[in-house]
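Quick notes on the structure that follows.
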Amino acid sequence: MKLLLAAFAASLCCFNSTAQTKIGIKGGPTYSTAVVTVNGVKQSSSYKPGASLGVQFDVPFDGPLHFSPYAAYNMMASSTKYATTGAEVQTTLHYLSLAPGVSVHLQAPQDNAFVIGFSPVLGLTSFGNRKTTIGGVTTSEKVQFGFEGTGWFDLGFSGSLGYQFKKLFIQAVYYHGLSSINNKEQYDATNIKNRMFSLQFGYFFK
């Protein structure tokens, strides 16, 4: 985790000193869920809509290879039905995502480019809410974060496919959480990993 943060910071310092660096904003709708297992048994989960907004950097590195880190707000939501308790749990978490990514730019007509990107992603959060419905009765609460609650960190991997004009760009992004965000797994045997699709629209200022 420290290595990922250091890589992201080093990338930004390098980019700020490079004349070819592009800086832009991006955002768009998200569609997220969580893969939940209890004692190794997968529970029924569904996707929920959300939103994303962030800052995108881009700088040529070696031919078609570019550094392309970003920092973004991502809303990750999910709805899970637990077969063990009969409860339906809807969770919404708000993440600051940091990604020291790289991308490959394939030349297209009129100096445009097809862009394939990939990156490890570190998500940071301390805000969220949860609704639990059991027997038709719904209760709401703030998500409790900590060593015996939901984790403050989420580590995953993202892949993207997009098309870039001179300043405008569009990209489809998939995020795959690699670590469980449930710090109580050793007690309740519940493993929770985030998943998210998003469609991003962006604009480079320079």
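Convention: chains lettered A, B, ... in structure tokens order; per-chain residue numbering from 1; ligands numbered from 1 as shown.
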
Report the residues of segment 62-189 of chain A whose backbone DSSP state falls under strand (DSSP E), written as JSON, numbers by chain.
{"A": [62, 65, 66, 67, 70, 71, 72, 73, 74, 75, 76, 77, 78, 79, 80, 81, 88, 89, 90, 91, 92, 93, 94, 95, 96, 97, 98, 99, 102, 103, 104, 105, 106, 107, 113, 114, 115, 116, 117, 118, 119, 120, 121, 122, 123, 124, 125, 126, 127, 128, 129, 130, 131, 132, 133, 134, 137, 138, 139, 140, 141, 142, 153, 154, 155, 156, 157, 158, 159, 160, 161, 162, 163, 164, 168, 169, 170, 171, 172, 173, 174, 175, 176, 177]}

Could you name the residues that touch Arg130 of chain A at 7 Å or less, counting only C-alpha atoms, but leaving out those on the same chain fewer than 3 positions away, as number ranges by chain?
A: 89-92, 140-143

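Atom pair atom CA of Thr125 of chain A / atom CA of Ser68 of chain A: separated by 22.7 Å.
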
Quick one: residues within 12 Å of Gly146 of chain A, only C-alpha atoms counted, chain neighbours fewer than 6 positions away excluded, as a list in words?
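Skipping anything fewer than 6 positions along the chain leaves Thr125, Ser126, Phe127, Trp152, Phe153, Ile181, Asn182, Asn183 and Lys184 of chain A.
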
Report as a Markdown table: every residue of segment 131-165 of chain A with an atom at most 7 Å from segment 174-180 of chain A, its closest pair of atoms, and their distance in Å to one decimal, counting only C-alpha atoms, with rows sorted by chain and ascending residue number.
```
| residue | atom | partner | partner_atom | distance |
| --- | --- | --- | --- | --- |
| A:Asp154 | CA | A:Ser179 | CA | 6.5 |
| A:Leu155 | CA | A:Ser179 | CA | 5.8 |
| A:Gly156 | CA | A:Gly177 | CA | 4.1 |
| A:Phe157 | CA | A:His176 | CA | 5.3 |
| A:Ser158 | CA | A:Tyr175 | CA | 4.4 |
| A:Gly159 | CA | A:Tyr174 | CA | 5.4 |
| A:Ser160 | CA | A:Tyr174 | CA | 6.3 |
```

Contacts of Thr85 of chain A within 12 Å, only C-alpha atoms, excl. fewer than 3 positions in-chain, as a count of residues only:
11

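Compared by their closest atoms to Val137 of chain A, and using only C-alpha atoms, the residues A:Phe67, A:Tyr95, A:Gly117, A:Ala87 rank with A:Ala87 nearest.
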
Could you tell me how far atom CA of Tyr47 of chain A lies from atom CA of Leu124 of chain A, in Å and to one decimal?
21.0 Å

Closest to Gly151 of chain A among A:Lys193, A:Lys131, A:Lys42, A:His105, using only C-alpha atoms?
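Using only C-alpha atoms, Gly151 of chain A sits closest to A:Lys193.
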
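The environment of segment 98-101 of chain A within 7 Å, counting only C-alpha atoms and disregarding residues fewer than 2 places along the same chain, consists of Ala7, Phe8, Ser11, Phe67, Ser68, Pro69, Tyr70, Ala71, Ala72, Leu96, Ser103, Phe118, Ser119, Pro120, Val121, Leu122 and Gly123 of chain A.
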
Using only C-alpha atoms, find the one residue out of A:Ile116, A:Leu168, A:Ala51, A:Val102 that sits nearest to Phe197 of chain A.
A:Ala51

From the set A:Gln164, A:Thr190, A:Thr84, A:Gln200, which residue has the shortest atom-to-atom contact distance to Ala113 of chain A, counting only C-alpha atoms?
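Nearest candidate to Ala113 of chain A out of A:Gln164, A:Thr190, A:Thr84, A:Gln200: A:Gln164.
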
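With only C-alpha atoms as the atoms that count, the residue of A:Gly136, A:Pro29, A:Gly149, A:Gly24 with the shortest distance to Gly86 of chain A is A:Gly136.
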
Using only C-alpha atoms, the shortest atom-to-atom distance to Ser97 of chain A among A:Leu199, A:Ala172, A:Val115, A:Val55 belongs to A:Val55

Between atom CA of Thr139 of chain A and atom CA of Tyr31 of chain A - distance in Å to one decimal:
23.8 Å
